[in-house]
Each structure stands twice: as C-alpha cells, then as structure tokens.
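Text of the file input.cif, holding mmCIF, C-alpha atoms:
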data_query
loop_
_atom_site.label_atom_id
_atom_site.label_comp_id
_atom_site.auth_asym_id
_atom_site.auth_seq_id
_atom_site.Cartn_x
_atom_site.Cartn_y
_atom_site.Cartn_z
CA MET A 1394 0.00 0.00 0.00
CA SER A 1395 1.13 3.54 -0.69
CA GLY A 1396 1.12 5.68 2.45
CA ARG A 1397 -0.78 5.02 5.64
CA GLY A 1398 -4.17 5.84 7.06
CA ARG A 1399 -7.54 4.16 7.00
CA HIS A 1400 -7.87 3.96 3.19
CA PRO A 1401 -4.37 3.67 1.70
CA LEU A 1402 -3.88 4.13 -2.03
CA PRO A 1403 -3.75 0.86 -4.01
CA GLU A 1404 -0.52 -0.63 -5.24
CA GLY A 1405 0.06 -0.43 -8.99
CA SER A 1406 -0.16 -4.16 -9.63
CA VAL A 1407 -3.44 -4.44 -7.71
CA LEU A 1408 -4.97 -1.50 -9.56
CA GLN A 1409 -3.82 -2.71 -12.96
CA ALA A 1410 -5.30 -6.16 -12.33
CA ALA A 1411 -8.62 -4.59 -11.30
CA LEU A 1412 -8.73 -2.32 -14.35
CA ARG A 1413 -8.06 -5.23 -16.68
CA ARG A 1414 -10.78 -7.23 -14.94
CA TRP A 1415 -13.15 -4.32 -15.56
CA GLY A 1416 -12.30 -4.37 -19.26
CA VAL A 1417 -10.20 -1.22 -19.46
CA ASN A 1418 -7.88 -1.13 -22.47
CA ARG A 1419 -4.95 1.08 -23.38
CA GLY A 1420 -6.19 4.47 -24.57
CA ASP A 1421 -9.73 4.02 -23.22
CA SER A 1422 -11.72 6.89 -21.80
CA VAL A 1423 -13.24 5.99 -18.43
CA VAL A 1424 -16.47 7.33 -16.89
CA VAL A 1425 -16.99 6.81 -13.16
CA TYR A 1426 -20.14 7.40 -11.12
CA ASP A 1427 -21.56 6.85 -7.67
CA ASP A 1428 -24.74 7.69 -5.82
CA TRP A 1429 -23.42 9.37 -2.69
CA ASN A 1430 -22.00 12.89 -2.63
CA ARG A 1431 -19.50 12.20 -5.46
CA ALA A 1432 -17.06 10.71 -2.93
CA GLY A 1433 -16.51 7.35 -4.63
CA SER A 1434 -16.38 8.73 -8.16
CA SER A 1435 -14.02 11.55 -7.18
CA ARG A 1436 -11.67 9.10 -5.45
CA ALA A 1437 -11.74 6.87 -8.55
CA TRP A 1438 -11.13 9.92 -10.78
CA TRP A 1439 -8.08 10.87 -8.74
CA VAL A 1440 -6.63 7.35 -8.49
CA LEU A 1441 -7.08 6.56 -12.19
CA ARG A 1442 -5.58 9.85 -13.27
CA ALA A 1443 -2.67 9.34 -10.87
CA ALA A 1444 -2.20 5.93 -12.50
CA GLY A 1445 -1.73 7.60 -15.89
CA ILE A 1446 -5.17 7.18 -17.47
CA ALA A 1447 -5.50 10.46 -19.33
CA ASP A 1448 -9.25 10.71 -19.90
CA VAL A 1449 -11.26 10.04 -16.75
CA ARG A 1450 -14.65 11.68 -16.33
CA ILE A 1451 -17.23 11.83 -13.57
CA LEU A 1452 -20.95 11.47 -14.24
CA ASP A 1453 -22.04 14.74 -12.64
CA GLY A 1454 -24.98 14.22 -10.32
CA GLY A 1455 -24.27 10.51 -10.07
CA LEU A 1456 -26.70 7.68 -10.68
CA SER A 1457 -29.61 9.87 -9.56
CA ALA A 1458 -28.93 12.28 -12.41
CA TRP A 1459 -28.79 9.39 -14.89
CA ILE A 1460 -32.20 8.16 -13.74
CA ALA A 1461 -33.68 11.67 -13.65
CA ALA A 1462 -32.57 12.20 -17.26
CA GLY A 1463 -34.68 9.21 -18.30
CA HIS A 1464 -31.88 6.76 -18.98
CA SER A 1465 -32.42 3.07 -18.34
CA LEU A 1466 -30.80 0.70 -15.86
CA MET A 1467 -29.97 -2.98 -16.23
CA ALA A 1468 -30.26 -5.63 -13.53
CA GLY A 1469 -27.55 -8.18 -12.86
CA SER A 1470 -23.81 -7.93 -13.37
CA GLU A 1471 -21.55 -7.25 -16.34
CA THR A 1472 -18.53 -9.37 -17.25
CA PRO A 1473 -16.58 -7.55 -19.94
CA PRO A 1474 -13.70 -9.09 -21.89
CA ALA A 1475 -10.40 -8.64 -20.03
CA GLY A 1476 -8.63 -5.38 -20.82
CA ASP A 1477 -4.98 -4.78 -21.64
CA VAL A 1478 -4.34 -1.46 -19.91
CA GLU A 1479 -0.79 -0.91 -18.69
CA LEU A 1480 -0.19 1.62 -15.96
CA SER A 1481 2.51 4.15 -16.58
CA ALA A 1482 4.75 3.65 -13.56
CA THR A 1483 5.62 1.15 -10.87
CA ASP A 1484 5.05 3.88 -8.29
CA LEU A 1485 1.74 5.38 -9.33
CA TYR A 1486 2.10 8.36 -7.05
CA SER A 1487 5.56 9.55 -8.04
CA GLY A 1488 4.53 12.41 -10.29
CA GLN A 1489 1.31 11.91 -12.26
CA LEU A 1490 -0.62 13.72 -9.52
CA PRO A 1491 1.25 15.06 -6.50
CA THR A 1492 0.68 13.78 -2.98
CA LEU A 1493 1.80 14.93 0.45
CA THR A 1494 3.26 12.99 3.35
CA ALA A 1495 2.51 13.89 6.98
CA GLU A 1496 5.94 15.48 7.24
CA GLN A 1497 5.31 17.58 4.16
CA VAL A 1498 1.95 18.67 5.58
CA SER A 1499 3.74 19.77 8.75
CA ASN A 1500 6.07 22.03 6.76
CA PHE A 1501 3.65 22.95 3.99
CA ALA A 1502 4.29 26.35 2.44
CA GLY A 1503 0.75 26.80 1.19
CA VAL A 1504 -2.89 26.40 2.18
CA ARG A 1505 -3.96 23.23 3.98
CA VAL A 1506 -7.60 22.39 3.22
CA ASP A 1507 -9.71 20.15 5.48
CA ALA A 1508 -12.60 18.67 3.49
CA ARG A 1509 -14.50 17.18 6.44
CA ALA A 1510 -17.78 18.36 7.95
CA PRO A 1511 -17.40 21.56 10.02
CA GLU A 1512 -18.19 19.87 13.34
CA ARG A 1513 -15.43 17.32 12.80
CA TYR A 1514 -13.01 20.03 11.71
CA ARG A 1515 -13.77 22.04 14.86
CA GLY A 1516 -13.26 18.97 17.02
CA GLU A 1517 -16.80 18.94 18.41
CA VAL A 1518 -17.34 15.33 17.32
CA GLU A 1519 -15.11 12.58 16.02
CA PRO A 1520 -16.97 9.36 15.20
CA ILE A 1521 -14.08 7.42 13.68
CA ASP A 1522 -10.56 8.60 14.44
CA PRO A 1523 -8.78 8.56 17.83
CA VAL A 1524 -8.45 12.34 18.23
CA ALA A 1525 -10.86 15.17 17.37
CA GLY A 1526 -9.74 18.39 15.72
CA HIS A 1527 -7.76 19.44 12.67
CA VAL A 1528 -4.25 20.07 11.40
CA PRO A 1529 -3.14 23.45 12.82
CA GLY A 1530 -3.49 26.18 10.22
CA ALA A 1531 -5.87 24.22 8.00
CA VAL A 1532 -9.00 25.89 6.65
CA ASN A 1533 -12.31 24.09 6.40
CA VAL A 1534 -13.82 23.60 2.93
CA PRO A 1535 -16.42 20.81 3.37
CA SER A 1536 -16.60 18.58 0.30
CA THR A 1537 -20.40 18.49 0.39
CA ALA A 1538 -20.52 22.28 0.02
CA THR A 1539 -18.90 22.04 -3.43
CA LEU A 1540 -22.15 20.46 -4.67
CA ASP A 1541 -25.49 22.12 -5.29
CA GLU A 1542 -28.81 21.00 -3.82
CA HIS A 1543 -29.20 18.40 -6.59
CA GLY A 1544 -25.80 16.82 -6.09
CA PHE A 1545 -24.10 18.44 -9.08
CA PHE A 1546 -20.79 20.22 -8.80
CA ARG A 1547 -21.28 23.96 -8.55
CA ASN A 1548 -20.18 25.90 -11.62
CA PRO A 1549 -16.55 27.05 -11.89
CA SER A 1550 -17.20 30.70 -11.02
CA GLU A 1551 -19.16 29.72 -7.90
CA LEU A 1552 -16.41 27.32 -6.90
CA ARG A 1553 -13.73 29.99 -7.34
CA GLU A 1554 -15.71 32.32 -5.07
CA PHE A 1555 -16.33 29.53 -2.58
CA PHE A 1556 -12.65 28.61 -2.32
CA ALA A 1557 -11.56 32.25 -2.29
CA ALA A 1558 -13.78 32.85 0.74
CA ALA A 1559 -11.68 30.25 2.57
CA GLY A 1560 -8.44 31.86 1.41
CA VAL A 1561 -7.79 29.40 -1.41
CA HIS A 1562 -6.91 31.39 -4.53
CA GLY A 1563 -4.35 29.19 -6.26
CA SER A 1564 -1.56 31.72 -5.78
CA VAL A 1565 0.19 29.32 -3.37
CA PRO A 1566 0.20 25.50 -3.26
CA VAL A 1567 -2.95 23.79 -1.95
CA GLY A 1568 -2.92 20.54 0.04
CA VAL A 1569 -6.18 18.72 0.78
CA TYR A 1570 -7.08 16.11 3.37
CA CYS A 1571 -10.21 14.62 4.92
CA GLY A 1572 -10.70 11.68 7.27
CA SER A 1573 -9.03 9.01 5.16
CA GLY A 1574 -8.26 10.49 1.74
CA VAL A 1575 -11.59 9.75 0.03
CA THR A 1576 -13.85 12.81 0.33
CA ALA A 1577 -10.79 15.03 -0.07
CA ALA A 1578 -10.91 13.95 -3.72
CA VAL A 1579 -14.26 15.76 -4.05
CA ASP A 1580 -12.52 19.01 -3.11
CA LEU A 1581 -9.73 18.17 -5.58
CA VAL A 1582 -12.27 17.75 -8.40
CA ALA A 1583 -13.92 21.03 -7.41
CA LEU A 1584 -10.52 22.75 -7.32
CA GLU A 1585 -9.79 21.47 -10.82
CA LEU A 1586 -13.13 22.81 -12.05
CA ALA A 1587 -12.18 26.15 -10.48
CA GLY A 1588 -8.83 26.11 -12.27
CA ILE A 1589 -6.78 25.57 -9.10
CA ALA A 1590 -4.25 22.76 -8.65
CA GLY A 1591 -4.35 20.75 -5.44
CA MET A 1592 -2.38 17.96 -3.79
CA LEU A 1593 -3.79 15.04 -1.81
CA PHE A 1594 -2.61 14.00 1.64
CA PRO A 1595 -3.61 10.32 1.27
CA GLY A 1596 -3.30 9.36 4.93
CA SER A 1597 -5.37 12.39 5.94
CA TRP A 1598 -6.68 12.83 9.48
CA SER A 1599 -6.68 9.08 10.16
CA GLN A 1600 -2.89 9.07 9.76
CA TRP A 1601 -2.23 12.46 11.32
CA SER A 1602 -4.27 11.80 14.46
CA SER A 1603 -2.72 8.37 15.01
CA ASP A 1604 0.67 9.96 15.75
CA SER A 1605 0.71 11.66 19.15
CA ALA A 1606 3.68 13.77 18.05
CA ASN A 1607 1.50 15.64 15.57
CA PRO A 1608 -0.12 18.84 16.89
CA VAL A 1609 -3.91 19.14 16.89
CA ALA A 1610 -6.04 22.27 16.75
CA THR A 1611 -9.71 22.67 17.66
CA GLY A 1612 -12.29 25.37 17.17
CA PRO A 1613 -13.06 27.50 14.09
CA ASP A 1614 -10.62 28.87 11.53
CA ALA A 1615 -7.91 31.03 13.02
#
Translate this file's structure into structure tokens.
Amino acid sequence: MSGRGRHPLPEGSVLQAALRRWGVNRGDSVVVYDDWNRAGSSRAWWVLRAAGIADVRILDGGLSAWIAAGHSLMAGSETPPAGDVELSATDLYSGQLPTLTAEQVSNFAGVRVDARAPERYRGEVEPIDPVAGHVPGAVNVPSTATLDEHGFFRNPSELREFFAAAGVHGSVPVGVYCGSGVTAAVDLVALELAGIAGMLFPGSWSQWSSDSANPVATGPDA
C-alpha cells in the first residue's frame, strides 16, 4: 500500500489487475459514477488519473442524475472481456498527480484544506478517528458544500468564489485532506473545475491523528 491511514492508495499491480478485470484497455476513456455525494467517483477519478489514465470523467450528479434524465438501468452484473491497460509507472504516485506525506503537511508552504464536515473540523465530534480536531493552520472547505442541492458540482465561477472565501486562490500550493483520503478527492475535483491545482494528503486525518507527536487544533478557523 502507498502511504498510511484508513484507506491507503492501491498498489500499482493491484490496480492494474482490477482495471483489466473491468475491461479497461490502453487508450480508453473511463467514466466513473456513484450515488453518494461524489465521494466514490471523485476518489476513482483521482486514483485513475494518478495511475496515468488520461481521460477520466465523472458522471455529474451521479446515478440519480442518470435516472432523472430518463436513462435506463440494467439488472444483474456485467462481465466484460479482459482489458490490456498498462499503468505508466511502478510507483503510481511519483509524479502523475502530486501527494503529500505527513511530514510535508507539517512544513507545507501553502494552504492546507480540510474537506470534512465543520463539526469534525472544529473537534466537536469525532466518530471514527482517535483524536478530534484538525491540522493546525488548515481551513475548512467541506466537500459536500462544493455540490449544489441536486448533487451536481457547482459551476466554476461559484467554486472559485467559494474557495476564495476560505483563502484558497491558487496563488500558493494547496494541500487537501479529509478523514481518510476519500472525500478530499471531491474538493480536488472542485478545485480542478475552479482552475486551481491541489495535492492530496492520502493518509489524511486518520494518519495524522494516530501519531501523538502531531499537533492538533480545535475550534473554528484562526
């Protein structure tokens, strides 16, 4: 596994085997979707792009949008012919899309973005990880707030205003984390739509909070 935390990134050989099993071939475009707050599809978008698949798209609005648009569904499972995709590097996360380690987060010369719900960021509740709170200096940009009331990503101009209100302008590097590196990908998609580059801290709060040497802040933004 690459990195630590509750949901580590997959190894290259494991991911390649899965993609071939799903029928992905070299040069294919890939569309991913989910039906819960774009978390699963955004994580898949990030991982596949990090693996070197150039054209990965998210079905905006998820399965609910597909159904609302009048498209049909099929019951049962699909078993496509095996694909022949080859991933671009042994270490998937060495440059395709940048990541951050806990040490790099500690010394980050940019904006740290916490994508969790505000109450978890403030340290009022923590249902999963051993310590409540956030990385000192991080700003809270909840991933769910990047979506509109119908579950679609907000338009780029709205997203730019939304991130700017949290001090994220793209003029300095942006690092994003959440609880375990999954919903942070929603913020990374939204940042891309806004024209701002971002880096993922894969271990996220689950890794940070497991090390008692790491400082913890509570309360609202400083």
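This file, queried with the PyMOL selection byres ((chain A and resi 1399) around 10), gives the residues Gly1396, Arg1397, Gly1398, His1400, Pro1401, Leu1402, Ile1521, Asp1522, Gly1572, Ser1573, Gly1574, Val1575, Pro1595, Gly1596, Ser1597, Trp1598, Ser1599 and Gln1600 of chain A.
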Result set of the PyMOL selection byres ((chain A and resi 1423-1434) around 8) on the coordinates above, as number ranges by chain:
A: 1417, 1421-1422, 1435-1438, 1448-1457, 1537, 1540, 1544, 1575-1576, 1578-1579
Hey, can you spit out that residue selection with C-alpha atoms as a compact mmCIF listing (two decimals), in the frame of the given file?
# COMPACT_ATOMS: atom_id res chain seq x y z
CA VAL A 1417 -10.20 -1.22 -19.46
CA ASP A 1421 -9.73 4.02 -23.22
CA SER A 1422 -11.72 6.89 -21.80
CA SER A 1435 -14.02 11.55 -7.18
CA ARG A 1436 -11.67 9.10 -5.45
CA ALA A 1437 -11.74 6.87 -8.55
CA TRP A 1438 -11.13 9.92 -10.78
CA ASP A 1448 -9.25 10.71 -19.90
CA VAL A 1449 -11.26 10.04 -16.75
CA ARG A 1450 -14.65 11.68 -16.33
CA ILE A 1451 -17.23 11.83 -13.57
CA LEU A 1452 -20.95 11.47 -14.24
CA ASP A 1453 -22.04 14.74 -12.64
CA GLY A 1454 -24.98 14.22 -10.32
CA GLY A 1455 -24.27 10.51 -10.07
CA LEU A 1456 -26.70 7.68 -10.68
CA SER A 1457 -29.61 9.87 -9.56
CA THR A 1537 -20.40 18.49 0.39
CA LEU A 1540 -22.15 20.46 -4.67
CA GLY A 1544 -25.80 16.82 -6.09
CA VAL A 1575 -11.59 9.75 0.03
CA THR A 1576 -13.85 12.81 0.33
CA ALA A 1578 -10.91 13.95 -3.72
CA VAL A 1579 -14.26 15.76 -4.05
Closest of A:Ala1495, A:Ala1447, A:Cys1571, A:Met1467 to Gly1526 (chain A), counting only C-alpha atoms, is A:Cys1571
Can you work out which one of A:Glu1471, A:Asp1604, A:Asp1507, A:Asp1580 has the shortest atom-to-atom distance to Ala1538 (chain A), counting only C-alpha atoms?
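Under the stated criterion, the closest residue is A:Asp1580.
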Using only the atoms of region 1533-1544 of chain A listed in the file, plus 5 Å on each side, state the axis-aligned box centre and edge lengths in Å rounded to one decimal, as JSON.
{"center_x": -20.8, "center_y": 20.5, "center_z": -0.1, "size_x": 26.9, "size_y": 17.3, "size_z": 23.0}
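Reported to one decimal place, the separation of CA of Ala1559 (chain A) from CA of Met1592 (chain A) is 16.7 Å.
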Once you count all atoms listed in the file, which residues end up no further than 10 Å from (-15.5, 28.6, -7.2) in the file's frame, shown as a VMD selection string?
chain A and resid 1539 1547 to 1558 1561 to 1562 1583 to 1589
Name the residues that the PyMOL selection byres ((chain A and resi 1473) around 10) pulls out of this structure, and write them as a list in words.
Arg1413, Arg1414, Trp1415, Gly1416, Val1417, Ser1470, Glu1471, Thr1472, Pro1474, Ala1475 and Gly1476 of chain A
So which one's closest to Ala1531 (chain A), A:Ser1602, A:Asn1418, A:Gln1409, A:Thr1611? Using all atoms listed in the file, please.
A:Thr1611
Could you tell me how far CA of Ser1536 (chain A) sits from CA of Pro1403 (chain A), in Å to one decimal place?
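For CA of Pro1403 (chain A) relative to CA of Ser1536 (chain A), the distance reads 22.3 Å.
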Separation of CA of Glu1542 (chain A) from CA of Leu1466 (chain A) in Å:
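The value is 23.7 Å.
Residue nearest Val1534 (chain A), chosen from A:Glu1404, A:Ala1461, A:Leu1581, A:Glu1496 and counting all atoms listed in the file: A:Leu1581.
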Atoms added to region 1504-1525 of chain A (N, CA, C and O atoms), reported as a PDB file, in the coordinates of the input:
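The result, stored in result.pdb:
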ATOM      1  N   VAL A1504      -1.624  26.482   1.453  1.00  0.00           N
ATOM      2  CA  VAL A1504      -2.890  26.400   2.180  1.00  0.00           C
ATOM      3  C   VAL A1504      -3.252  24.940   2.403  1.00  0.00           C
ATOM      4  O   VAL A1504      -3.329  24.156   1.449  1.00  0.00           O
ATOM      5  N   ARG A1505      -3.466  24.572   3.652  1.00  0.00           N
ATOM      6  CA  ARG A1505      -3.960  23.230   3.980  1.00  0.00           C
ATOM      7  C   ARG A1505      -5.484  23.301   4.028  1.00  0.00           C
ATOM      8  O   ARG A1505      -6.045  24.138   4.732  1.00  0.00           O
ATOM      9  N   VAL A1506      -6.139  22.407   3.299  1.00  0.00           N
ATOM     10  CA  VAL A1506      -7.600  22.390   3.220  1.00  0.00           C
ATOM     11  C   VAL A1506      -8.129  21.111   3.868  1.00  0.00           C
ATOM     12  O   VAL A1506      -7.711  20.006   3.515  1.00  0.00           O
ATOM     13  N   ASP A1507      -9.043  21.273   4.810  1.00  0.00           N
ATOM     14  CA  ASP A1507      -9.710  20.150   5.480  1.00  0.00           C
ATOM     15  C   ASP A1507     -11.097  20.013   4.863  1.00  0.00           C
ATOM     16  O   ASP A1507     -11.928  20.921   4.944  1.00  0.00           O
ATOM     17  N   ALA A1508     -11.358  18.858   4.227  1.00  0.00           N
ATOM     18  CA  ALA A1508     -12.600  18.670   3.490  1.00  0.00           C
ATOM     19  C   ALA A1508     -13.716  18.040   4.312  1.00  0.00           C
ATOM     20  O   ALA A1508     -14.789  17.754   3.784  1.00  0.00           O
ATOM     21  N   ARG A1509     -13.498  17.838   5.613  1.00  0.00           N
ATOM     22  CA  ARG A1509     -14.500  17.180   6.440  1.00  0.00           C
ATOM     23  C   ARG A1509     -15.636  18.135   6.834  1.00  0.00           C
ATOM     24  O   ARG A1509     -15.559  19.348   6.630  1.00  0.00           O
ATOM     25  N   ALA A1510     -16.662  17.559   7.443  1.00  0.00           N
ATOM     26  CA  ALA A1510     -17.780  18.360   7.950  1.00  0.00           C
ATOM     27  C   ALA A1510     -17.276  19.342   9.001  1.00  0.00           C
ATOM     28  O   ALA A1510     -16.327  19.039   9.742  1.00  0.00           O
ATOM     29  N   PRO A1511     -17.885  20.528   9.094  1.00  0.00           N
ATOM     30  CA  PRO A1511     -17.400  21.560  10.020  1.00  0.00           C
ATOM     31  C   PRO A1511     -17.287  21.099  11.471  1.00  0.00           C
ATOM     32  O   PRO A1511     -16.334  21.462  12.169  1.00  0.00           O
ATOM     33  N   GLU A1512     -18.230  20.285  11.941  1.00  0.00           N
ATOM     34  CA  GLU A1512     -18.190  19.870  13.340  1.00  0.00           C
ATOM     35  C   GLU A1512     -17.013  18.933  13.623  1.00  0.00           C
ATOM     36  O   GLU A1512     -16.464  18.937  14.731  1.00  0.00           O
ATOM     37  N   ARG A1513     -16.626  18.158  12.627  1.00  0.00           N
ATOM     38  CA  ARG A1513     -15.430  17.320  12.800  1.00  0.00           C
ATOM     39  C   ARG A1513     -14.175  18.188  12.734  1.00  0.00           C
ATOM     40  O   ARG A1513     -13.242  17.988  13.520  1.00  0.00           O
ATOM     41  N   TYR A1514     -14.153  19.120  11.805  1.00  0.00           N
ATOM     42  CA  TYR A1514     -13.010  20.030  11.710  1.00  0.00           C
ATOM     43  C   TYR A1514     -12.806  20.781  13.024  1.00  0.00           C
ATOM     44  O   TYR A1514     -11.676  20.896  13.514  1.00  0.00           O
ATOM     45  N   ARG A1515     -13.887  21.276  13.615  1.00  0.00           N
ATOM     46  CA  ARG A1515     -13.770  22.040  14.860  1.00  0.00           C
ATOM     47  C   ARG A1515     -13.443  21.174  16.061  1.00  0.00           C
ATOM     48  O   ARG A1515     -13.097  21.687  17.124  1.00  0.00           O
ATOM     49  N   GLY A1516     -13.556  19.873  15.915  1.00  0.00           N
ATOM     50  CA  GLY A1516     -13.260  18.970  17.020  1.00  0.00           C
ATOM     51  C   GLY A1516     -14.414  18.764  17.972  1.00  0.00           C
ATOM     52  O   GLY A1516     -14.227  18.247  19.089  1.00  0.00           O
ATOM     53  N   GLU A1517     -15.628  19.110  17.547  1.00  0.00           N
ATOM     54  CA  GLU A1517     -16.800  18.940  18.410  1.00  0.00           C
ATOM     55  C   GLU A1517     -17.229  17.491  18.478  1.00  0.00           C
ATOM     56  O   GLU A1517     -17.775  17.044  19.504  1.00  0.00           O
ATOM     57  N   VAL A1518     -17.034  16.759  17.379  1.00  0.00           N
ATOM     58  CA  VAL A1518     -17.340  15.330  17.320  1.00  0.00           C
ATOM     59  C   VAL A1518     -16.231  14.645  16.531  1.00  0.00           C
ATOM     60  O   VAL A1518     -15.598  15.260  15.679  1.00  0.00           O
ATOM     61  N   GLU A1519     -16.018  13.384  16.825  1.00  0.00           N
ATOM     62  CA  GLU A1519     -15.110  12.580  16.020  1.00  0.00           C
ATOM     63  C   GLU A1519     -15.562  11.127  16.101  1.00  0.00           C
ATOM     64  O   GLU A1519     -15.221  10.414  17.038  1.00  0.00           O
ATOM     65  N   PRO A1520     -16.368  10.686  15.124  1.00  0.00           N
ATOM     66  CA  PRO A1520     -16.970   9.360  15.200  1.00  0.00           C
ATOM     67  C   PRO A1520     -16.047   8.208  14.820  1.00  0.00           C
ATOM     68  O   PRO A1520     -16.390   7.053  15.067  1.00  0.00           O
ATOM     69  N   ILE A1521     -14.894   8.499  14.231  1.00  0.00           N
ATOM     70  CA  ILE A1521     -14.080   7.420  13.680  1.00  0.00           C
ATOM     71  C   ILE A1521     -12.650   7.416  14.210  1.00  0.00           C
ATOM     72  O   ILE A1521     -12.146   6.386  14.657  1.00  0.00           O
ATOM     73  N   ASP A1522     -11.990   8.549  14.145  1.00  0.00           N
ATOM     74  CA  ASP A1522     -10.560   8.600  14.440  1.00  0.00           C
ATOM     75  C   ASP A1522     -10.288   8.833  15.930  1.00  0.00           C
ATOM     76  O   ASP A1522     -11.167   9.285  16.670  1.00  0.00           O
ATOM     77  N   PRO A1523      -9.061   8.547  16.385  1.00  0.00           N
ATOM     78  CA  PRO A1523      -8.780   8.560  17.830  1.00  0.00           C
ATOM     79  C   PRO A1523      -8.748   9.928  18.475  1.00  0.00           C
ATOM     80  O   PRO A1523      -8.890  10.035  19.691  1.00  0.00           O
ATOM     81  N   VAL A1524      -8.563  10.985  17.693  1.00  0.00           N
ATOM     82  CA  VAL A1524      -8.450  12.340  18.230  1.00  0.00           C
ATOM     83  C   VAL A1524      -9.343  13.256  17.407  1.00  0.00           C
ATOM     84  O   VAL A1524      -9.409  13.140  16.180  1.00  0.00           O
ATOM     85  N   ALA A1525     -10.022  14.191  18.063  1.00  0.00           N
ATOM     86  CA  ALA A1525     -10.860  15.170  17.370  1.00  0.00           C
ATOM     87  C   ALA A1525     -10.068  16.447  17.118  1.00  0.00           C
ATOM     88  O   ALA A1525      -9.191  16.802  17.901  1.00  0.00           O
TER      89      ALA A1525
END
